[in-house]
There are 2 protein chains.
Amino acid sequence: MTTDSIDFTAAKPAGMTIYDWPTGPYPARVRIALAEKNLQAGVRFITVDLRKGEHKQPQHLARNYSGTLPVLELDDGTFIGECTAITEYLDALDGVPTLTGRTPREKGMIHMMSKRAELELLDAVSVYFHHATPGLGPDVEIYQNAEWGFRQRDKALRGMHYFDGVLRSRPFVAGEVFSMADITVIGGLIFAGLVKLPIPAECDALQAWYARMQERPSVRNRVTMSEPVKASV
Amino acid sequence: MTTDSIDFTAAKPAGMTIYDWPTGPYPARVRIALAEKNLQAGVRFITVDLRKGEHKQPQHLARNYSGTLPVLELDDGTFIGECTAITEYLDALDGVPTLTGRTPREKGMIHMMSKRAELELLDAVSVYFHHATPGLGPDVEIYQNAEWGFRQRDKALRGMHYFDGVLRSRPFVAGEVFSMADITVIGGLIFAGLVKLPIPAECDALQAWYARMQERPSVRNRVTMSEPVKASV
């Protein structure tokens, strides 16, 4: 099996379950990490319906206090939320970290750039979506602060210029190799696309890098990685 | 040398410089990590004056796009910002991680709980401070959104109840051993103390855990770890 042709009937040896929303930008981060580590065949995916607010209901809050997706469930019943944490888990499974760094300097750079991609892009776009657009609809968005949301939109646009500058001087977000930091920027640009915040035309290094990222099977096939299974929430 | 008696004249072999503010809650996270790893003698500390907004000026923004403290500078001139990233760097230096986890499950749990401590406590208190109190003063706080700030205050208080519940079932935030996740909650409670958000009386597990944390030399001596050196900004 290659990551280009996903075989849903393959054995699922790792006993992992992921609760997510197949097209979601945060779920994308873990789906891409899974495919980069070639672990997707070991995973059962369960859909939690964001549009119905299932992620804010008690059954999901018991999995993750913060009420976000994705959440990884291990075969001992442990729930691991937060994309960075799930990526750390997956990357350590085979003892050969490829996404989170091998040396102290790599680990520091990758974690810094991934967190920066959250702060300055992905999380900013998310706040814009949930606070200054209809978001997931009035039943889910029970509190909105539009002024804050628009400021975060502007922050995200500045963030795109920042990452454009970074990618003028190196091939990947945290240095010479693909890493978790690239995945986080990809998540940010997926979300930006969903809310119609295109990459500014002058950010051609970011545009070119994003086009290269789309060539990776992990990125291209992320949505079709899973058979749809409905959560029982 | 022990962490109980800090010898400023000790050799500084590691060639690390930390830009921070000695009493700051985020700087505390790195200072505690340094002391837990017994690396503080190798570090030169440079003070960036938060009250004067030096962290938002060009010289500091060149070190860290996000304009936050602390920032670690390596002897090759690399700047590493973000507490989690700095902690990953420090914890990997000796090849014996004690703060960020040894097994995949430990890594996942520690990163999840540390991120949750940011989201639900430390970062929430920070937003409250900067948006719904005078914060660092009108010259630094050039935009405030008080409504958002008060919501974050309420979120932080809920967060304290959440961590109180966690600490009823295990001795440390992420499990059976002290980790980066404990340090992040400590940072949150330091900040909460500064802005007069005491731990609610009914959160007695959180109170008891925090009292135990104060007994650690790394926590007790964090402010006095460094000789004051003024930044040239």
# chains A, B, ... in the order shown; residues from 1 in each chain; ligands from 1
>>> interface_residues(of="chain A", to="chain B", cutoff="9 Å", atoms="only C-alpha atoms", output="number ranges by chain")
A: 65-66, 74, 78-93, 95, 103-113, 115-116, 119-120, 145, 147-148, 162
>>> residues_around(residues="region 208-217 of chain B", least_positions_apart="2", cutoff="12 Å", atoms="only C-alpha atoms", output="number ranges by chain")
B: 2-6, 31-38, 160, 163-173, 178-179, 182-190, 193, 198-199, 201-206, 219-225
>>> write_last_selection(atoms="C-alpha atoms", output="CSV table (one decimal), in the first residue's frame")
chain,number,residue,atom,x,y,z
B,2,THR,CA,23.0,23.0,44.3
B,3,THR,CA,19.9,24.7,43.1
B,4,ASP,CA,19.4,26.0,46.6
B,5,SER,CA,22.5,28.1,46.6
B,6,ILE,CA,23.0,29.7,43.2
B,31,ARG,CA,13.7,29.4,34.5
B,32,ILE,CA,12.1,26.5,36.3
B,33,ALA,CA,13.0,24.1,33.4
B,34,LEU,CA,16.6,25.3,33.5
B,35,ALA,CA,16.9,24.7,37.2
B,36,GLU,CA,15.2,21.3,37.0
B,37,LYS,CA,17.8,20.3,34.4
B,38,ASN,CA,20.5,22.0,36.4
B,160,MET,CA,-8.5,26.2,37.9
B,163,PHE,CA,-6.9,21.3,37.1
B,164,ASP,CA,-8.2,20.8,40.6
B,165,GLY,CA,-10.2,17.8,39.3
B,166,VAL,CA,-7.1,16.4,37.5
B,167,LEU,CA,-5.0,16.7,40.6
B,168,ARG,CA,-7.6,14.8,42.7
B,169,SER,CA,-6.7,11.7,40.6
B,170,ARG,CA,-3.0,11.9,40.1
B,171,PRO,CA,0.0,13.6,41.8
B,172,PHE,CA,1.2,15.6,38.9
B,173,VAL,CA,-0.6,17.4,36.0
B,178,PHE,CA,6.8,16.1,37.5
B,179,SER,CA,6.9,17.5,33.9
B,182,ASP,CA,3.3,21.1,35.9
B,183,ILE,CA,5.5,24.0,35.0
B,184,THR,CA,2.9,25.5,32.7
B,185,VAL,CA,0.2,25.3,35.4
B,186,ILE,CA,2.7,26.9,37.8
B,187,GLY,CA,3.2,29.7,35.3
B,188,GLY,CA,-0.6,30.2,35.1
B,189,LEU,CA,-0.9,30.4,38.9
B,190,ILE,CA,2.0,32.8,39.2
B,193,GLY,CA,-1.5,35.7,41.6
B,198,PRO,CA,-6.6,33.5,43.8
B,199,ILE,CA,-7.2,29.8,43.5
B,201,ALA,CA,-11.0,27.9,48.2
B,202,GLU,CA,-12.9,24.8,47.1
B,203,CYS,CA,-10.0,23.8,44.8
B,204,ASP,CA,-8.1,22.2,47.6
B,205,ALA,CA,-6.3,19.6,45.5
B,206,LEU,CA,-4.9,22.4,43.3
B,219,VAL,CA,10.2,27.1,41.7
B,220,ARG,CA,11.4,28.8,44.9
B,221,ASN,CA,14.5,30.3,43.4
B,222,ARG,CA,13.4,31.2,39.9
B,223,VAL,CA,13.6,35.0,40.3
B,224,THR,CA,17.0,35.0,42.0
B,225,MET,CA,18.5,32.7,39.4
>>> decode(residues="region 141-154 of chain A", atoms="all heavy atoms", output="PDB file, in the first residue's frame")
ATOM      1  N   GLU A 141     -22.220  28.866  17.679  1.00  0.00           N
ATOM      2  CA  GLU A 141     -21.469  30.086  18.045  1.00  0.00           C
ATOM      3  C   GLU A 141     -22.304  30.902  19.024  1.00  0.00           C
ATOM      4  O   GLU A 141     -22.868  31.943  18.677  1.00  0.00           O
ATOM      5  CB  GLU A 141     -21.129  30.900  16.793  1.00  0.00           C
ATOM      6  CG  GLU A 141     -20.515  30.118  15.642  1.00  0.00           C
ATOM      7  CD  GLU A 141     -19.114  29.578  15.918  1.00  0.00           C
ATOM      8  OE1 GLU A 141     -18.577  29.813  17.011  1.00  0.00           O
ATOM      9  OE2 GLU A 141     -18.570  28.891  15.033  1.00  0.00           O
ATOM     10  N   ILE A 142     -22.357  30.468  20.258  1.00  0.00           N
ATOM     11  CA  ILE A 142     -23.256  31.125  21.208  1.00  0.00           C
ATOM     12  C   ILE A 142     -22.677  32.431  21.745  1.00  0.00           C
ATOM     13  O   ILE A 142     -23.385  33.239  22.327  1.00  0.00           O
ATOM     14  CB  ILE A 142     -23.641  30.196  22.374  1.00  0.00           C
ATOM     15  CG1 ILE A 142     -22.377  29.599  22.989  1.00  0.00           C
ATOM     16  CG2 ILE A 142     -24.588  29.096  21.880  1.00  0.00           C
ATOM     17  CD1 ILE A 142     -22.639  28.720  24.189  1.00  0.00           C
ATOM     18  N   TYR A 143     -21.411  32.666  21.553  1.00  0.00           N
ATOM     19  CA  TYR A 143     -20.829  33.971  21.895  1.00  0.00           C
ATOM     20  C   TYR A 143     -19.889  34.362  20.765  1.00  0.00           C
ATOM     21  O   TYR A 143     -19.050  33.566  20.347  1.00  0.00           O
ATOM     22  CB  TYR A 143     -20.047  33.920  23.211  1.00  0.00           C
ATOM     23  CG  TYR A 143     -19.200  35.154  23.421  1.00  0.00           C
ATOM     24  CD1 TYR A 143     -19.775  36.368  23.792  1.00  0.00           C
ATOM     25  CD2 TYR A 143     -17.814  35.123  23.212  1.00  0.00           C
ATOM     26  CE1 TYR A 143     -19.011  37.518  23.949  1.00  0.00           C
ATOM     27  CE2 TYR A 143     -17.041  36.266  23.369  1.00  0.00           C
ATOM     28  CZ  TYR A 143     -17.638  37.457  23.740  1.00  0.00           C
ATOM     29  OH  TYR A 143     -16.883  38.596  23.898  1.00  0.00           O
ATOM     30  N   GLN A 144     -20.032  35.563  20.272  1.00  0.00           N
ATOM     31  CA  GLN A 144     -19.104  36.063  19.250  1.00  0.00           C
ATOM     32  C   GLN A 144     -18.625  37.459  19.638  1.00  0.00           C
ATOM     33  O   GLN A 144     -19.380  38.246  20.222  1.00  0.00           O
ATOM     34  CB  GLN A 144     -19.783  36.117  17.875  1.00  0.00           C
ATOM     35  CG  GLN A 144     -20.110  34.742  17.317  1.00  0.00           C
ATOM     36  CD  GLN A 144     -20.462  34.779  15.826  1.00  0.00           C
ATOM     37  OE1 GLN A 144     -21.373  35.489  15.431  1.00  0.00           O
ATOM     38  NE2 GLN A 144     -19.733  34.022  15.019  1.00  0.00           N
ATOM     39  N   ASN A 145     -17.359  37.720  19.316  1.00  0.00           N
ATOM     40  CA  ASN A 145     -16.776  39.044  19.556  1.00  0.00           C
ATOM     41  C   ASN A 145     -16.147  39.459  18.229  1.00  0.00           C
ATOM     42  O   ASN A 145     -14.993  39.146  17.930  1.00  0.00           O
ATOM     43  CB  ASN A 145     -15.727  38.941  20.671  1.00  0.00           C
ATOM     44  CG  ASN A 145     -15.158  40.299  21.087  1.00  0.00           C
ATOM     45  OD1 ASN A 145     -14.889  41.147  20.252  1.00  0.00           O
ATOM     46  ND2 ASN A 145     -14.970  40.485  22.376  1.00  0.00           N
ATOM     47  N   ALA A 146     -16.978  40.150  17.412  1.00  0.00           N
ATOM     48  CA  ALA A 146     -16.577  40.426  16.025  1.00  0.00           C
ATOM     49  C   ALA A 146     -15.321  41.294  15.952  1.00  0.00           C
ATOM     50  O   ALA A 146     -14.449  41.074  15.110  1.00  0.00           O
ATOM     51  CB  ALA A 146     -17.730  41.091  15.275  1.00  0.00           C
ATOM     52  N   GLU A 147     -15.219  42.263  16.854  1.00  0.00           N
ATOM     53  CA  GLU A 147     -14.051  43.150  16.810  1.00  0.00           C
ATOM     54  C   GLU A 147     -12.768  42.345  16.988  1.00  0.00           C
ATOM     55  O   GLU A 147     -11.783  42.532  16.272  1.00  0.00           O
ATOM     56  CB  GLU A 147     -14.184  44.205  17.907  1.00  0.00           C
ATOM     57  CG  GLU A 147     -13.046  45.204  17.916  1.00  0.00           C
ATOM     58  CD  GLU A 147     -13.159  46.179  19.086  1.00  0.00           C
ATOM     59  OE1 GLU A 147     -14.249  46.765  19.266  1.00  0.00           O
ATOM     60  OE2 GLU A 147     -12.154  46.357  19.806  1.00  0.00           O
ATOM     61  N   TRP A 148     -12.808  41.441  17.941  1.00  0.00           N
ATOM     62  CA  TRP A 148     -11.648  40.576  18.180  1.00  0.00           C
ATOM     63  C   TRP A 148     -11.385  39.695  16.959  1.00  0.00           C
ATOM     64  O   TRP A 148     -10.237  39.502  16.532  1.00  0.00           O
ATOM     65  CB  TRP A 148     -11.875  39.733  19.435  1.00  0.00           C
ATOM     66  CG  TRP A 148     -10.708  38.892  19.837  1.00  0.00           C
ATOM     67  CD1 TRP A 148     -10.575  37.545  19.680  1.00  0.00           C
ATOM     68  CD2 TRP A 148      -9.497  39.353  20.457  1.00  0.00           C
ATOM     69  NE1 TRP A 148      -9.358  37.124  20.166  1.00  0.00           N
ATOM     70  CE2 TRP A 148      -8.678  38.217  20.659  1.00  0.00           C
ATOM     71  CE3 TRP A 148      -9.036  40.605  20.863  1.00  0.00           C
ATOM     72  CZ2 TRP A 148      -7.410  38.293  21.241  1.00  0.00           C
ATOM     73  CZ3 TRP A 148      -7.770  40.683  21.458  1.00  0.00           C
ATOM     74  CH2 TRP A 148      -6.978  39.542  21.622  1.00  0.00           C
ATOM     75  N   GLY A 149     -12.461  39.194  16.386  1.00  0.00           N
ATOM     76  CA  GLY A 149     -12.327  38.331  15.213  1.00  0.00           C
ATOM     77  C   GLY A 149     -11.664  39.038  14.043  1.00  0.00           C
ATOM     78  O   GLY A 149     -10.774  38.478  13.387  1.00  0.00           O
ATOM     79  N   PHE A 150     -12.068  40.266  13.781  1.00  0.00           N
ATOM     80  CA  PHE A 150     -11.471  40.995  12.646  1.00  0.00           C
ATOM     81  C   PHE A 150      -9.996  41.306  12.910  1.00  0.00           C
ATOM     82  O   PHE A 150      -9.181  41.283  11.993  1.00  0.00           O
ATOM     83  CB  PHE A 150     -12.272  42.271  12.344  1.00  0.00           C
ATOM     84  CG  PHE A 150     -13.572  41.990  11.628  1.00  0.00           C
ATOM     85  CD1 PHE A 150     -14.793  42.312  12.194  1.00  0.00           C
ATOM     86  CD2 PHE A 150     -13.558  41.376  10.369  1.00  0.00           C
ATOM     87  CE1 PHE A 150     -15.984  42.038  11.533  1.00  0.00           C
ATOM     88  CE2 PHE A 150     -14.755  41.101   9.698  1.00  0.00           C
ATOM     89  CZ  PHE A 150     -15.969  41.424  10.284  1.00  0.00           C
ATOM     90  N   ARG A 151      -9.668  41.606  14.160  1.00  0.00           N
ATOM     91  CA  ARG A 151      -8.244  41.829  14.456  1.00  0.00           C
ATOM     92  C   ARG A 151      -7.426  40.575  14.199  1.00  0.00           C
ATOM     93  O   ARG A 151      -6.282  40.637  13.750  1.00  0.00           O
ATOM     94  CB  ARG A 151      -8.066  42.263  15.912  1.00  0.00           C
ATOM     95  CG  ARG A 151      -8.427  43.715  16.136  1.00  0.00           C
ATOM     96  CD  ARG A 151      -8.001  44.189  17.502  1.00  0.00           C
ATOM     97  NE  ARG A 151      -6.568  44.311  17.653  1.00  0.00           N
ATOM     98  CZ  ARG A 151      -5.882  45.432  17.438  1.00  0.00           C
ATOM     99  NH1 ARG A 151      -6.482  46.526  17.052  1.00  0.00           N
ATOM    100  NH2 ARG A 151      -4.568  45.461  17.625  1.00  0.00           N
ATOM    101  N   GLN A 152      -8.010  39.435  14.510  1.00  0.00           N
ATOM    102  CA  GLN A 152      -7.279  38.177  14.286  1.00  0.00           C
ATOM    103  C   GLN A 152      -7.147  37.895  12.793  1.00  0.00           C
ATOM    104  O   GLN A 152      -6.152  37.329  12.343  1.00  0.00           O
ATOM    105  CB  GLN A 152      -7.966  37.033  15.022  1.00  0.00           C
ATOM    106  CG  GLN A 152      -7.968  37.192  16.535  1.00  0.00           C
ATOM    107  CD  GLN A 152      -6.565  37.163  17.128  1.00  0.00           C
ATOM    108  OE1 GLN A 152      -5.778  36.266  16.846  1.00  0.00           O
ATOM    109  NE2 GLN A 152      -6.228  38.149  17.949  1.00  0.00           N
ATOM    110  N   ARG A 153      -8.167  38.269  12.007  1.00  0.00           N
ATOM    111  CA  ARG A 153      -8.043  38.139  10.549  1.00  0.00           C
ATOM    112  C   ARG A 153      -6.840  38.946  10.052  1.00  0.00           C
ATOM    113  O   ARG A 153      -6.020  38.455   9.267  1.00  0.00           O
ATOM    114  CB  ARG A 153      -9.322  38.650   9.866  1.00  0.00           C
ATOM    115  CG  ARG A 153      -9.245  38.600   8.346  1.00  0.00           C
ATOM    116  CD  ARG A 153     -10.291  39.496   7.701  1.00  0.00           C
ATOM    117  NE  ARG A 153     -10.099  40.888   8.128  1.00  0.00           N
ATOM    118  CZ  ARG A 153     -10.941  41.867   7.881  1.00  0.00           C
ATOM    119  NH1 ARG A 153     -12.057  41.637   7.209  1.00  0.00           N
ATOM    120  NH2 ARG A 153     -10.695  43.109   8.311  1.00  0.00           N
ATOM    121  N   ASP A 154      -6.723  40.181  10.538  1.00  0.00           N
ATOM    122  CA  ASP A 154      -5.610  41.027  10.099  1.00  0.00           C
ATOM    123  C   ASP A 154      -4.265  40.439  10.551  1.00  0.00           C
ATOM    124  O   ASP A 154      -3.273  40.503   9.829  1.00  0.00           O
ATOM    125  CB  ASP A 154      -5.781  42.443  10.647  1.00  0.00           C
ATOM    126  CG  ASP A 154      -7.045  43.115  10.091  1.00  0.00           C
ATOM    127  OD1 ASP A 154      -7.604  42.602   9.094  1.00  0.00           O
ATOM    128  OD2 ASP A 154      -7.470  44.140  10.653  1.00  0.00           O
TER     129      ASP A 154
END
